[in-house]
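**Q** The structure's right below; bear with me while I get my questions together.
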Amino acid sequence: MTTVLVTGGAGYIGSHACKALVAAGFTPVTYDNLSTGWKQAVKFGPFEQGDLADRARLDAVFERWQPAAVMHFAALSQVGEAMAKPGLYWRNNVCGSLTLVEAACAAGCLDFVFSSTCATYGEHDTVVLDEDTPQEPLNAYGASKRAVENILHDFEAAFGLRHVIFRYFNVAGADPDGEVGECHRPETHLIPVMLEAIDGQRDALTIHGTDYDTPDGTCIRDYVHVWDLVEAHVLGLRWLREGQPSRVFNLGTGTGFSVREVIDASRAVTNRAVPFTEGARRPGDATKLVSGSTRAGQELGWRPRRSTLPDMIADAWRWHKHGPYDR
């Protein structure tokens, strides 16, 4: 079977991608330094522990497994941290990705699927983002991802590195079979934080900002089910394997939900109250971020079938009750 190197394959999205790759007939090889990933999440193929900054280690892994493609998820991704520690994000996300791209090209592995972000667009209220929306990132996270996109363009011109770039916002839910799920230490994502509050694992969920220019005063975000997301990545890989040109695809539902709407949906799914407090805005947060996926639907045939709030929260709740990973 065709081998795919999956960086960040021990993380939330990467582990789901490995499962989807196996289901599609590929062999995923996880490359992860376990700084935020979990060894227990590596269930669907070989594991190689290593850091993106370690060129010699990357070269050895490429030599051993001879992957036909790379699926790149490994990155730091917290907006608050990116605002406070921009150097960390530029060094990890950009320098690490550059080392990976150089190693891939040296090994002749020239199909590259990159997990980017709609945070590269910055704040464009009242519009559904598409791939032609100007990129004006608000923080080092979005800026670092945009820089990696630029690296891919340059390395295609120089070495023929063909790539598919996926830009998306909030990912939620869990593997419907319960084999892998979302687990961060500390947890910062809205839905799992909310479930921890419901379950008494934290005192309350904090709503960061209630004075935004939205109907209920809280931020609005697009959410995509993790399984829909990784299926798109497999479609992107097939796109490259079929000889199609490099392409950028947004992934979203085109419908945003406010923080209060997510809380209400969670109460309905779990039949439990959500304890919450109201706090100040966080630096770097935009008011409303919603992405369309017309191009992905038309060209890849992608459809976000599970990306409804009830499905995402129900799958996440099932995983939460099953129990997170334990280092």
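The way I read the labels, and the way they are meant: chains A, B, ... in the order of the structure tokens, residue 1 as the first residue of every chain, and ligand 1 as the first ligand shown, with later ones counted on from there.
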Set out as a Markdown table a contact list for region 117-185 of chain A and region 309-313 of chain A with a cut-off of 10 Å, giving each residue of region 117-185 of chain A that qualifies its closest atom pair and distance in Å to one decimal, counting only C-alpha atoms, ordered by chain and rising residue number.
**A**
```
| residue | atom | partner | partner_atom | distance |
| --- | --- | --- | --- | --- |
| A:Val171 | CA | A:Met312 | CA | 9.1 |
| A:Ala172 | CA | A:Met312 | CA | 5.8 |
| A:Gly173 | CA | A:Met312 | CA | 4.1 |
| A:Ala174 | CA | A:Met312 | CA | 7.3 |
| A:Asp175 | CA | A:Met312 | CA | 9.8 |
| A:Pro176 | CA | A:Asp311 | CA | 9.4 |
```
**Q** If we count only C-alpha atoms and set the cut-off at 12 Å, which residues sit around Phe159 (chain A), ignoring sequence neighbours fewer than 3 positions away in its own chain? Please answer as a list in words.
**A**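 Non-adjacent residues within range: Val101, Glu102, Ala103, Ala104, Cys105, Ala106, Ala107, Gly108, Cys109, Leu110, Asp111, Ile151, Leu152, His153, Asp154, Phe155, Glu156, Arg162 and His163 of chain A.
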**Q** Might you pull out every residue within 10 Å of Leu195 (chain A), with only C-alpha atoms counted and same-chain residues fewer than 6 positions away left off, and present them as a list of chain:residue names?
**A**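 Close residues of Leu195 (chain A): A:Gln201, A:Arg202, A:Ala204, A:Leu205, A:Ile263, A:Ser266, A:Arg267, A:Thr270, A:Arg272, A:Val274, A:Pro275, A:Ile313, A:Ala316, A:Trp317, A:His320, A:Lys321.
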**Q** Put those residues in a file: all heavy atoms, as a CSV table (one decimal), in the first residue's frame.
**A**
```
chain,number,residue,atom,x,y,z
A,201,GLN,N,-15.3,18.7,35.9
A,201,GLN,CA,-13.8,18.7,35.9
A,201,GLN,C,-13.2,20.0,35.9
A,201,GLN,O,-12.0,20.2,36.1
A,201,GLN,CB,-13.4,17.9,34.6
A,201,GLN,CG,-13.8,16.4,34.6
A,201,GLN,CD,-13.3,15.7,33.4
A,201,GLN,OE1,-12.5,16.2,32.6
A,201,GLN,NE2,-13.8,14.5,33.2
A,202,ARG,N,-14.0,21.1,35.7
A,202,ARG,CA,-13.6,22.5,36.0
A,202,ARG,C,-14.8,23.2,36.5
A,202,ARG,O,-15.9,22.8,36.3
A,202,ARG,CB,-13.0,23.1,34.7
A,202,ARG,CG,-14.0,23.3,33.6
A,202,ARG,CD,-13.4,24.1,32.4
A,202,ARG,NE,-12.3,23.4,31.8
A,202,ARG,CZ,-11.2,24.0,31.3
A,202,ARG,NH1,-11.1,25.3,31.4
A,202,ARG,NH2,-10.2,23.3,30.7
A,204,ALA,N,-16.2,26.1,35.7
A,204,ALA,CA,-17.1,26.7,34.8
A,204,ALA,C,-16.4,27.0,33.5
A,204,ALA,O,-15.1,27.1,33.4
A,204,ALA,CB,-17.7,28.0,35.3
A,205,LEU,N,-17.1,27.2,32.4
A,205,LEU,CA,-16.6,27.7,31.1
A,205,LEU,C,-16.6,29.2,31.2
A,205,LEU,O,-17.5,29.8,31.7
A,205,LEU,CB,-17.6,27.2,30.0
A,205,LEU,CG,-17.5,27.9,28.7
A,205,LEU,CD1,-16.2,27.5,27.9
A,205,LEU,CD2,-18.7,27.6,27.8
A,263,ILE,N,-23.4,26.6,23.7
A,263,ILE,CA,-23.8,26.3,25.0
A,263,ILE,C,-25.2,25.7,25.0
A,263,ILE,O,-25.5,24.7,25.7
A,263,ILE,CB,-23.7,27.5,25.9
A,263,ILE,CG1,-22.2,27.8,26.2
A,263,ILE,CG2,-24.4,27.2,27.3
A,263,ILE,CD1,-22.0,29.1,26.9
A,266,SER,N,-25.3,22.2,23.6
A,266,SER,CA,-24.7,21.3,24.5
A,266,SER,C,-25.7,20.9,25.6
A,266,SER,O,-25.8,19.7,25.9
A,266,SER,CB,-23.4,21.8,25.1
A,266,SER,OG,-22.9,20.9,26.0
A,267,ARG,N,-26.4,21.8,26.1
A,267,ARG,CA,-27.4,21.6,27.1
A,267,ARG,C,-28.5,20.6,26.6
A,267,ARG,O,-28.9,19.7,27.2
A,267,ARG,CB,-28.1,22.9,27.6
A,267,ARG,CG,-29.0,22.7,28.7
A,267,ARG,CD,-29.6,24.0,29.1
A,267,ARG,NE,-28.7,25.0,29.5
A,267,ARG,CZ,-28.4,26.2,28.8
A,267,ARG,NH1,-29.0,26.4,27.7
A,267,ARG,NH2,-27.5,27.0,29.2
A,270,THR,N,-26.7,16.9,26.0
A,270,THR,CA,-26.2,16.2,27.2
A,270,THR,C,-27.3,16.2,28.3
A,270,THR,O,-27.2,15.4,29.3
A,270,THR,CB,-25.0,16.9,27.8
A,270,THR,OG1,-25.3,18.2,28.3
A,270,THR,CG2,-23.9,16.9,26.8
A,272,ARG,N,-27.7,18.4,30.5
A,272,ARG,CA,-27.1,18.9,31.7
A,272,ARG,C,-26.9,20.4,31.5
A,272,ARG,O,-26.6,20.9,30.4
A,272,ARG,CB,-25.8,18.2,31.9
A,272,ARG,CG,-25.9,16.8,32.2
A,272,ARG,CD,-24.5,16.3,32.8
A,272,ARG,NE,-24.5,14.8,32.9
A,272,ARG,CZ,-23.5,14.2,33.5
A,272,ARG,NH1,-22.4,14.9,34.0
A,272,ARG,NH2,-23.5,12.9,33.5
A,274,VAL,N,-24.9,23.9,31.7
A,274,VAL,CA,-23.5,24.3,31.5
A,274,VAL,C,-23.1,25.5,32.4
A,274,VAL,O,-23.6,26.6,32.2
A,274,VAL,CB,-23.3,24.7,30.0
A,274,VAL,CG1,-21.9,25.1,29.8
A,274,VAL,CG2,-23.8,23.7,29.1
A,275,PRO,N,-22.3,25.2,33.4
A,275,PRO,CA,-21.9,26.4,34.3
A,275,PRO,C,-20.9,27.2,33.5
A,275,PRO,O,-20.0,26.8,32.9
A,275,PRO,CB,-21.2,25.7,35.4
A,275,PRO,CG,-20.8,24.3,34.9
A,275,PRO,CD,-21.8,23.9,33.9
A,313,ILE,N,-21.3,17.6,19.1
A,313,ILE,CA,-21.3,17.6,20.5
A,313,ILE,C,-21.6,16.2,21.0
A,313,ILE,O,-20.9,15.7,22.0
A,313,ILE,CB,-22.4,18.6,21.1
A,313,ILE,CG1,-21.9,20.0,20.7
A,313,ILE,CG2,-22.5,18.4,22.6
A,313,ILE,CD1,-23.0,21.1,21.0
A,316,ALA,N,-18.4,14.2,20.7
A,316,ALA,CA,-17.4,14.6,21.7
A,316,ALA,C,-17.8,14.2,23.1
A,316,ALA,O,-16.9,13.8,23.9
A,316,ALA,CB,-17.3,16.1,21.6
A,317,TRP,N,-19.1,14.2,23.4
A,317,TRP,CA,-19.6,13.8,24.7
A,317,TRP,C,-19.3,12.3,24.9
A,317,TRP,O,-18.9,11.9,26.0
A,317,TRP,CB,-21.0,14.2,24.8
A,317,TRP,CG,-21.7,13.9,26.1
A,317,TRP,CD1,-22.9,13.2,26.3
A,317,TRP,CD2,-21.3,14.3,27.5
A,317,TRP,NE1,-23.2,13.1,27.6
A,317,TRP,CE2,-22.3,13.8,28.4
A,317,TRP,CE3,-20.3,15.1,27.9
A,317,TRP,CZ2,-22.2,14.1,29.7
A,317,TRP,CZ3,-20.2,15.3,29.3
A,317,TRP,CH2,-21.1,14.8,30.2
A,320,HIS,N,-15.7,12.0,25.6
A,320,HIS,CA,-15.4,12.5,26.9
A,320,HIS,C,-15.7,11.5,28.0
A,320,HIS,O,-14.9,11.4,29.0
A,320,HIS,CB,-16.1,13.8,27.1
A,320,HIS,CG,-15.9,14.5,28.5
A,320,HIS,ND1,-14.9,15.3,28.8
A,320,HIS,CD2,-16.7,14.4,29.6
A,320,HIS,CE1,-14.9,15.6,30.0
A,320,HIS,NE2,-16.0,15.1,30.5
A,321,LYS,N,-16.9,10.9,27.9
A,321,LYS,CA,-17.3,9.9,29.0
A,321,LYS,C,-16.4,8.7,28.9
A,321,LYS,O,-16.2,8.0,29.9
A,321,LYS,CB,-18.7,9.6,28.8
A,321,LYS,CG,-19.7,10.8,29.1
A,321,LYS,CD,-21.1,10.4,29.1
A,321,LYS,CE,-21.6,10.0,27.7
A,321,LYS,NZ,-23.1,9.7,27.7
```
**Q** Could you check the closest approach to Asn271 (chain A) for each of A:Ala286, A:Gly160, A:Val148, A:Ala314 and tell me which residue wins, using only C-alpha atoms?
**A** A:Ala314
**Q** What are the DSSP helix (DSSP H, G or I) residues of region 119-303 of chain A, as a PyMOL selection string?
**A** chain A and resi 119-121+140-159+190-198+226-241+259-270+294-300
**Q** Residues at most 10 Å from region 11-13 of chain A, counting only C-alpha atoms, excluding those fewer than 6 positions away in the same chain, as a short mmCIF file (atom, residue, chain, number, x, y, z; two decimals) with all heavy atoms, in the first residue's frame?
**A**
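Final file, selection14.cif:
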```cif
data_model
loop_
_atom_site.label_atom_id
_atom_site.label_comp_id
_atom_site.auth_asym_id
_atom_site.auth_seq_id
_atom_site.Cartn_x
_atom_site.Cartn_y
_atom_site.Cartn_z
N THR A 30 3.16 7.77 11.45
CA THR A 30 3.08 8.96 12.30
C THR A 30 4.47 9.45 12.68
O THR A 30 5.31 8.68 13.13
CB THR A 30 2.29 8.64 13.58
OG1 THR A 30 0.91 8.47 13.25
CG2 THR A 30 2.41 9.76 14.61
N ASP A 32 5.87 12.38 15.22
CA ASP A 32 5.36 13.27 16.26
C ASP A 32 6.38 13.33 17.39
O ASP A 32 6.98 12.31 17.74
CB ASP A 32 4.01 12.75 16.77
CG ASP A 32 3.18 13.82 17.46
OD1 ASP A 32 3.63 14.36 18.48
OD2 ASP A 32 2.05 14.08 16.99
N LEU A 34 5.43 14.24 20.43
CA LEU A 34 4.61 13.99 21.62
C LEU A 34 4.59 15.17 22.58
O LEU A 34 4.25 15.01 23.76
CB LEU A 34 5.05 12.72 22.36
CG LEU A 34 4.94 11.41 21.55
CD1 LEU A 34 5.33 10.22 22.42
CD2 LEU A 34 3.54 11.22 20.99
N SER A 35 4.92 16.37 22.11
CA SER A 35 4.83 17.54 22.98
C SER A 35 3.37 17.87 23.30
O SER A 35 3.05 18.32 24.40
CB SER A 35 5.50 18.74 22.32
OG SER A 35 4.88 19.08 21.10
N THR A 36 2.49 17.64 22.35
CA THR A 36 1.05 17.82 22.58
C THR A 36 0.26 16.59 22.15
O THR A 36 -0.93 16.50 22.42
CB THR A 36 0.50 19.06 21.84
OG1 THR A 36 0.75 18.92 20.44
CG2 THR A 36 1.16 20.32 22.35
N GLY A 37 0.90 15.66 21.47
CA GLY A 37 0.23 14.44 21.02
C GLY A 37 0.30 13.34 22.07
O GLY A 37 0.90 13.50 23.14
N TRP A 38 -0.32 12.21 21.74
CA TRP A 38 -0.45 11.10 22.69
C TRP A 38 -0.03 9.80 22.04
O TRP A 38 -0.55 9.45 20.97
CB TRP A 38 -1.91 10.99 23.16
CG TRP A 38 -2.41 12.25 23.79
CD1 TRP A 38 -2.99 13.30 23.14
CD2 TRP A 38 -2.38 12.59 25.16
NE1 TRP A 38 -3.32 14.28 24.03
CE2 TRP A 38 -2.96 13.88 25.28
CE3 TRP A 38 -1.92 11.94 26.31
CZ2 TRP A 38 -3.09 14.53 26.51
CZ3 TRP A 38 -2.05 12.59 27.54
CH2 TRP A 38 -2.62 13.87 27.63
N LYS A 39 0.84 9.08 22.68
CA LYS A 39 1.28 7.79 22.14
C LYS A 39 0.09 6.84 21.99
O LYS A 39 0.04 6.04 21.05
CB LYS A 39 2.33 7.17 23.08
CG LYS A 39 2.90 5.85 22.62
CD LYS A 39 3.76 5.99 21.39
CE LYS A 39 4.38 4.66 20.95
NZ LYS A 39 5.32 4.12 21.96
N GLN A 40 -0.88 6.95 22.90
CA GLN A 40 -2.05 6.07 22.84
C GLN A 40 -2.91 6.31 21.61
O GLN A 40 -3.74 5.48 21.25
CB GLN A 40 -2.92 6.24 24.09
CG GLN A 40 -2.22 5.88 25.39
CD GLN A 40 -1.66 7.11 26.08
OE1 GLN A 40 -1.01 7.93 25.44
NE2 GLN A 40 -1.91 7.23 27.38
N ALA A 41 -2.73 7.47 20.97
CA ALA A 41 -3.53 7.79 19.78
C ALA A 41 -2.94 7.18 18.51
O ALA A 41 -3.58 7.21 17.46
CB ALA A 41 -3.65 9.30 19.62
N VAL A 42 -1.74 6.64 18.60
CA VAL A 42 -1.10 6.06 17.42
C VAL A 42 -1.53 4.60 17.32
O VAL A 42 -0.92 3.70 17.89
CB VAL A 42 0.43 6.17 17.50
CG1 VAL A 42 1.07 5.64 16.22
CG2 VAL A 42 0.85 7.61 17.74
N PHE A 73 0.26 18.05 9.77
CA PHE A 73 -0.60 18.63 10.79
C PHE A 73 0.17 19.27 11.93
O PHE A 73 -0.38 20.09 12.67
CB PHE A 73 -1.52 17.56 11.39
CG PHE A 73 -2.50 16.96 10.44
CD1 PHE A 73 -2.24 15.73 9.84
CD2 PHE A 73 -3.68 17.61 10.13
CE1 PHE A 73 -3.15 15.17 8.95
CE2 PHE A 73 -4.59 17.06 9.24
CZ PHE A 73 -4.32 15.83 8.65
N ALA A 74 1.42 18.88 12.13
CA ALA A 74 2.18 19.28 13.32
C ALA A 74 2.34 20.80 13.38
O ALA A 74 2.95 21.40 12.49
CB ALA A 74 3.54 18.60 13.33
N ALA A 75 1.82 21.42 14.44
CA ALA A 75 1.93 22.88 14.61
C ALA A 75 1.40 23.26 15.98
O ALA A 75 0.57 22.57 16.57
CB ALA A 75 1.14 23.62 13.54
N SER A 115 -2.23 21.16 6.40
CA SER A 115 -3.31 21.62 7.27
C SER A 115 -3.04 23.07 7.66
O SER A 115 -2.29 23.35 8.58
CB SER A 115 -3.36 20.72 8.51
OG SER A 115 -4.25 21.24 9.47
N VAL A 171 -12.45 22.82 14.71
CA VAL A 171 -12.71 21.39 14.50
C VAL A 171 -13.29 20.84 15.79
O VAL A 171 -12.83 21.16 16.88
CB VAL A 171 -11.41 20.66 14.12
CG1 VAL A 171 -11.71 19.21 13.77
CG2 VAL A 171 -10.71 21.36 12.98
N ALA A 172 -14.29 20.00 15.67
CA ALA A 172 -14.97 19.48 16.86
C ALA A 172 -15.40 18.04 16.62
O ALA A 172 -15.29 17.51 15.53
CB ALA A 172 -16.17 20.36 17.21
N ALA A 174 -15.55 13.80 17.54
CA ALA A 174 -14.59 12.72 17.74
C ALA A 174 -14.94 11.58 16.80
O ALA A 174 -16.03 11.54 16.23
CB ALA A 174 -14.61 12.24 19.20
N ASP A 175 -14.00 10.68 16.66
CA ASP A 175 -14.21 9.47 15.88
C ASP A 175 -15.53 8.81 16.30
O ASP A 175 -15.69 8.47 17.47
CB ASP A 175 -13.02 8.54 16.14
CG ASP A 175 -13.23 7.13 15.65
OD1 ASP A 175 -14.08 6.92 14.78
OD2 ASP A 175 -12.52 6.24 16.15
N VAL A 180 -10.37 7.15 18.80
CA VAL A 180 -9.54 8.32 19.08
C VAL A 180 -10.46 9.51 19.30
O VAL A 180 -11.62 9.50 18.89
CB VAL A 180 -8.54 8.62 17.95
CG1 VAL A 180 -7.40 7.62 17.96
CG2 VAL A 180 -9.23 8.64 16.58
N GLY A 181 -9.92 10.54 19.96
CA GLY A 181 -10.74 11.70 20.24
C GLY A 181 -9.87 12.90 20.57
O GLY A 181 -8.65 12.88 20.37
N GLU A 182 -10.51 13.94 21.09
CA GLU A 182 -9.80 15.18 21.38
C GLU A 182 -9.36 15.21 22.83
O GLU A 182 -10.16 15.00 23.75
CB GLU A 182 -10.70 16.38 21.10
CG GLU A 182 -10.02 17.72 21.31
CD GLU A 182 -10.84 18.90 20.82
OE1 GLU A 182 -12.04 18.70 20.54
OE2 GLU A 182 -10.27 20.00 20.71
N CYS A 183 -8.07 15.48 23.04
CA CYS A 183 -7.54 15.54 24.40
C CYS A 183 -6.32 16.45 24.40
O CYS A 183 -5.29 16.11 23.83
CB CYS A 183 -7.16 14.14 24.89
SG CYS A 183 -6.56 14.10 26.60
N HIS A 184 -6.46 17.62 25.02
CA HIS A 184 -5.34 18.54 25.16
C HIS A 184 -5.08 18.80 26.65
O HIS A 184 -6.01 18.78 27.45
CB HIS A 184 -5.64 19.87 24.47
CG HIS A 184 -5.95 19.75 23.02
ND1 HIS A 184 -7.23 19.79 22.52
CD2 HIS A 184 -5.14 19.59 21.94
CE1 HIS A 184 -7.20 19.66 21.20
NE2 HIS A 184 -5.95 19.53 20.82
N VAL A 226 -14.52 16.60 12.95
CA VAL A 226 -13.18 16.13 12.66
C VAL A 226 -13.18 15.02 11.61
O VAL A 226 -12.25 14.92 10.79
CB VAL A 226 -12.47 15.67 13.95
CG1 VAL A 226 -13.17 14.46 14.58
CG2 VAL A 226 -10.99 15.38 13.70
N TRP A 227 -14.20 14.20 11.59
CA TRP A 227 -14.23 13.11 10.60
C TRP A 227 -14.49 13.65 9.20
O TRP A 227 -13.87 13.20 8.23
CB TRP A 227 -15.26 12.05 10.98
CG TRP A 227 -15.03 10.79 10.21
CD1 TRP A 227 -15.80 10.28 9.22
CD2 TRP A 227 -13.91 9.89 10.33
NE1 TRP A 227 -15.25 9.12 8.73
CE2 TRP A 227 -14.10 8.86 9.39
CE3 TRP A 227 -12.79 9.87 11.16
CZ2 TRP A 227 -13.18 7.81 9.25
CZ3 TRP A 227 -11.88 8.83 11.02
CH2 TRP A 227 -12.08 7.82 10.07
N LEU A 229 -13.52 16.53 8.27
CA LEU A 229 -12.27 17.22 7.94
C LEU A 229 -11.22 16.26 7.40
O LEU A 229 -10.59 16.53 6.37
CB LEU A 229 -11.74 17.92 9.19
CG LEU A 229 -10.55 18.83 8.95
CD1 LEU A 229 -11.02 20.17 8.42
CD2 LEU A 229 -9.74 19.01 10.22
N VAL A 230 -11.02 15.14 8.07
CA VAL A 230 -9.96 14.23 7.62
C VAL A 230 -10.36 13.53 6.33
O VAL A 230 -9.48 13.17 5.52
CB VAL A 230 -9.56 13.23 8.72
CG1 VAL A 230 -8.99 13.97 9.92
CG2 VAL A 230 -10.71 12.33 9.14
#
```
**Q** Which residue is closest to Trp319 (chain A)? Choose from A:Ala69, A:Met1, A:Leu58, A:Ile191 and count only C-alpha atoms.
**A**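 So, comparing all the options, the nearest one is A:Ile191.
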**Q** Please return as a ChimeraX atom specification: the residues of region 16-80 of chain A that backbone DSSP assigns to strand (DSSP E).
**A** /A:27-32,47-49,69-72
**Q** Store the residues picked out above in a file with N, CA, C and O atoms, as an mmCIF file, in the first residue's frame.
**A**
```
data_model
loop_
_atom_site.group_PDB
_atom_site.id
_atom_site.type_symbol
_atom_site.label_atom_id
_atom_site.label_comp_id
_atom_site.auth_asym_id
_atom_site.auth_seq_id
_atom_site.Cartn_x
_atom_site.Cartn_y
_atom_site.Cartn_z
ATOM 1 N N THR A 27 -1.069 3.511 3.995
ATOM 2 C CA THR A 27 -0.365 3.180 5.227
ATOM 3 C C THR A 27 0.192 4.458 5.829
ATOM 4 O O THR A 27 1.145 5.043 5.285
ATOM 5 N N PRO A 28 -0.385 4.947 6.934
ATOM 6 C CA PRO A 28 0.140 6.157 7.558
ATOM 7 C C PRO A 28 1.308 5.842 8.484
ATOM 8 O O PRO A 28 1.273 4.869 9.248
ATOM 9 N N VAL A 29 2.351 6.656 8.416
ATOM 10 C CA VAL A 29 3.461 6.591 9.361
ATOM 11 C C VAL A 29 3.435 7.886 10.160
ATOM 12 O O VAL A 29 3.615 8.971 9.598
ATOM 13 N N THR A 30 3.158 7.772 11.450
ATOM 14 C CA THR A 30 3.077 8.957 12.304
ATOM 15 C C THR A 30 4.468 9.449 12.678
ATOM 16 O O THR A 30 5.313 8.676 13.125
ATOM 17 N N TYR A 31 4.677 10.759 12.509
ATOM 18 C CA TYR A 31 5.901 11.423 12.973
ATOM 19 C C TYR A 31 5.470 12.500 13.950
ATOM 20 O O TYR A 31 4.752 13.435 13.576
ATOM 21 N N ASP A 32 5.870 12.377 15.220
ATOM 22 C CA ASP A 32 5.362 13.271 16.255
ATOM 23 C C ASP A 32 6.377 13.328 17.390
ATOM 24 O O ASP A 32 6.976 12.305 17.745
ATOM 25 N N PHE A 47 4.930 4.187 14.152
ATOM 26 C CA PHE A 47 5.208 5.445 14.846
ATOM 27 C C PHE A 47 6.697 5.731 14.835
ATOM 28 O O PHE A 47 7.513 4.867 15.162
ATOM 29 N N GLU A 48 7.036 6.951 14.460
ATOM 30 C CA GLU A 48 8.413 7.440 14.522
ATOM 31 C C GLU A 48 8.418 8.716 15.363
ATOM 32 O O GLU A 48 7.823 9.719 14.991
ATOM 33 N N GLN A 49 9.033 8.658 16.526
ATOM 34 C CA GLN A 49 9.092 9.847 17.370
ATOM 35 C C GLN A 49 10.227 10.750 16.916
ATOM 36 O O GLN A 49 11.355 10.288 16.699
ATOM 37 N N ALA A 69 3.886 10.552 -0.048
ATOM 38 C CA ALA A 69 3.263 11.848 0.222
ATOM 39 C C ALA A 69 3.445 12.203 1.686
ATOM 40 O O ALA A 69 3.712 11.338 2.533
ATOM 41 N N VAL A 70 3.272 13.489 1.983
ATOM 42 C CA VAL A 70 3.287 13.997 3.354
ATOM 43 C C VAL A 70 1.935 14.624 3.641
ATOM 44 O O VAL A 70 1.368 15.334 2.801
ATOM 45 N N MET A 71 1.414 14.371 4.837
ATOM 46 C CA MET A 71 0.223 15.051 5.339
ATOM 47 C C MET A 71 0.662 15.766 6.619
ATOM 48 O O MET A 71 0.973 15.119 7.617
ATOM 49 N N HIS A 72 0.696 17.090 6.574
ATOM 50 C CA HIS A 72 1.371 17.887 7.608
ATOM 51 C C HIS A 72 0.367 18.579 8.535
ATOM 52 O O HIS A 72 -0.269 19.565 8.160
#
```
**Q** Using only C-alpha atoms, tabulate the residues of region 262-285 of chain A lying at most 12 Å from any atom of region 207-216 of chain A, each with its closest atom pair and that distance in Å to one decimal, by chain and increasing residue number, as JSON lines.
**A**
```
{"residue": "A:Val262", "atom": "CA", "partner": "A:Ile207", "partner_atom": "CA", "distance": 11.2}
{"residue": "A:Ile263", "atom": "CA", "partner": "A:Ile207", "partner_atom": "CA", "distance": 10.0}
{"residue": "A:Val274", "atom": "CA", "partner": "A:Ile207", "partner_atom": "CA", "distance": 11.5}
{"residue": "A:Pro275", "atom": "CA", "partner": "A:Ile207", "partner_atom": "CA", "distance": 10.5}
{"residue": "A:Phe276", "atom": "CA", "partner": "A:Ile207", "partner_atom": "CA", "distance": 7.0}
{"residue": "A:Thr277", "atom": "CA", "partner": "A:Ile207", "partner_atom": "CA", "distance": 6.2}
{"residue": "A:Glu278", "atom": "CA", "partner": "A:Ile207", "partner_atom": "CA", "distance": 4.8}
{"residue": "A:Gly279", "atom": "CA", "partner": "A:His208", "partner_atom": "CA", "distance": 4.9}
{"residue": "A:Ala280", "atom": "CA", "partner": "A:Gly209", "partner_atom": "CA", "distance": 4.8}
{"residue": "A:Arg281", "atom": "CA", "partner": "A:Gly209", "partner_atom": "CA", "distance": 4.1}
{"residue": "A:Arg282", "atom": "CA", "partner": "A:His208", "partner_atom": "CA", "distance": 6.2}
{"residue": "A:Pro283", "atom": "CA", "partner": "A:His208", "partner_atom": "CA", "distance": 9.9}
{"residue": "A:Gly284", "atom": "CA", "partner": "A:His208", "partner_atom": "CA", "distance": 11.5}
{"residue": "A:Asp285", "atom": "CA", "partner": "A:His208", "partner_atom": "CA", "distance": 9.2}
```
**Q** Can you tell me how far CA of Trp239 (chain A) sits from CA of Gly8 (chain A), in Å to one decimal?
**A** 21.6 Å
**Q** Can you pull out the residues contacting Asp222 (chain A)? Cut-off 10 Å, using only C-alpha atoms, and skip same-chain residues under 5 positions away; I want them as a list in words.
**A**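 Contacts, with the query itself left out: Val128, Tyr168, Phe169, Asn170, Val171, Leu251, Gly252, Thr253, Gly254, Thr255, Gly256, Phe257, Ser258, Lys288, Leu289, Val290, Ser291, Gly292 and Ser307 of chain A.
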**Q** From the list A:His233, A:Lys145, A:His124, A:Arg64, which residue is nearest Asn92 (chain A) when using only C-alpha atoms?
**A**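 Of all the options, A:Lys145 lies closest to Asn92 (chain A).
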**Q** Between A:Asp203, A:Glu81, A:Glu149, A:Asp132, which has the minimum distance to Phe114 (chain A) (counting only C-alpha atoms)?
**A**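 Checking each of A:Asp203, A:Glu81, A:Glu149, A:Asp132 against Phe114 (chain A), counting only C-alpha atoms, the winner is A:Glu149.
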**Q** So that I can see what lies close to Gly236 (chain A), please list as a ChimeraX atom specification the residues with an atom at most 9 Å from it, counting only C-alpha atoms and leaving out residues fewer than 2 positions away in the same chain.
**A** /A:113,163-166,231-234,238-241,247,249,300
**Q** Restricting the output to C-alpha atoms, write the selected residues as a PDB file, in the first residue's frame.
**A**
```
ATOM      1  CA  VAL A 113      -1.123  17.997   1.945  1.00  0.00           C
ATOM      2  CA  HIS A 163       0.495  20.630  -2.676  1.00  0.00           C
ATOM      3  CA  VAL A 164      -3.061  20.868  -1.456  1.00  0.00           C
ATOM      4  CA  ILE A 165      -3.686  23.464   1.259  1.00  0.00           C
ATOM      5  CA  PHE A 166      -6.746  23.207   3.494  1.00  0.00           C
ATOM      6  CA  GLU A 231     -12.052  12.792   4.810  1.00  0.00           C
ATOM      7  CA  ALA A 232     -11.342  16.030   2.957  1.00  0.00           C
ATOM      8  CA  HIS A 233      -7.620  15.518   3.525  1.00  0.00           C
ATOM      9  CA  VAL A 234      -7.823  12.045   2.003  1.00  0.00           C
ATOM     10  CA  ARG A 238      -6.128  11.516  -4.013  1.00  0.00           C
ATOM     11  CA  TRP A 239      -6.321  14.789  -5.968  1.00  0.00           C
ATOM     12  CA  LEU A 240      -2.533  14.989  -5.979  1.00  0.00           C
ATOM     13  CA  ARG A 241      -2.054  11.289  -6.661  1.00  0.00           C
ATOM     14  CA  ARG A 247      -4.840  23.886  -4.999  1.00  0.00           C
ATOM     15  CA  PHE A 249      -9.485  24.622  -0.443  1.00  0.00           C
ATOM     16  CA  LEU A 300     -13.155  17.285  -4.515  1.00  0.00           C
TER      17      LEU A 300
END
```
**Q** Please indicate the distance in Å from CA of Trp90 (chain A) to CA of Ser144 (chain A), rounded to one decimal place.
**A**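 Between CA of Trp90 (chain A) and CA of Ser144 (chain A) the gap is 5.7 Å.
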**Q** Please report the interatomic distance between CA of Ala68 (chain A) and CA of Thr117 (chain A) in Å with one decimal.
**A**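 Atom-to-atom, CA of Ala68 (chain A) to CA of Thr117 (chain A), that is 24.1 Å.
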**Q** From the set A:Val94, A:Leu235, A:Gly178, A:Leu190, which residue has the shortest atom-to-atom contact distance to His322 (chain A), counting only C-alpha atoms?
**A**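 Residue with the minimum atom-to-atom distance to His322 (chain A): A:Gly178.
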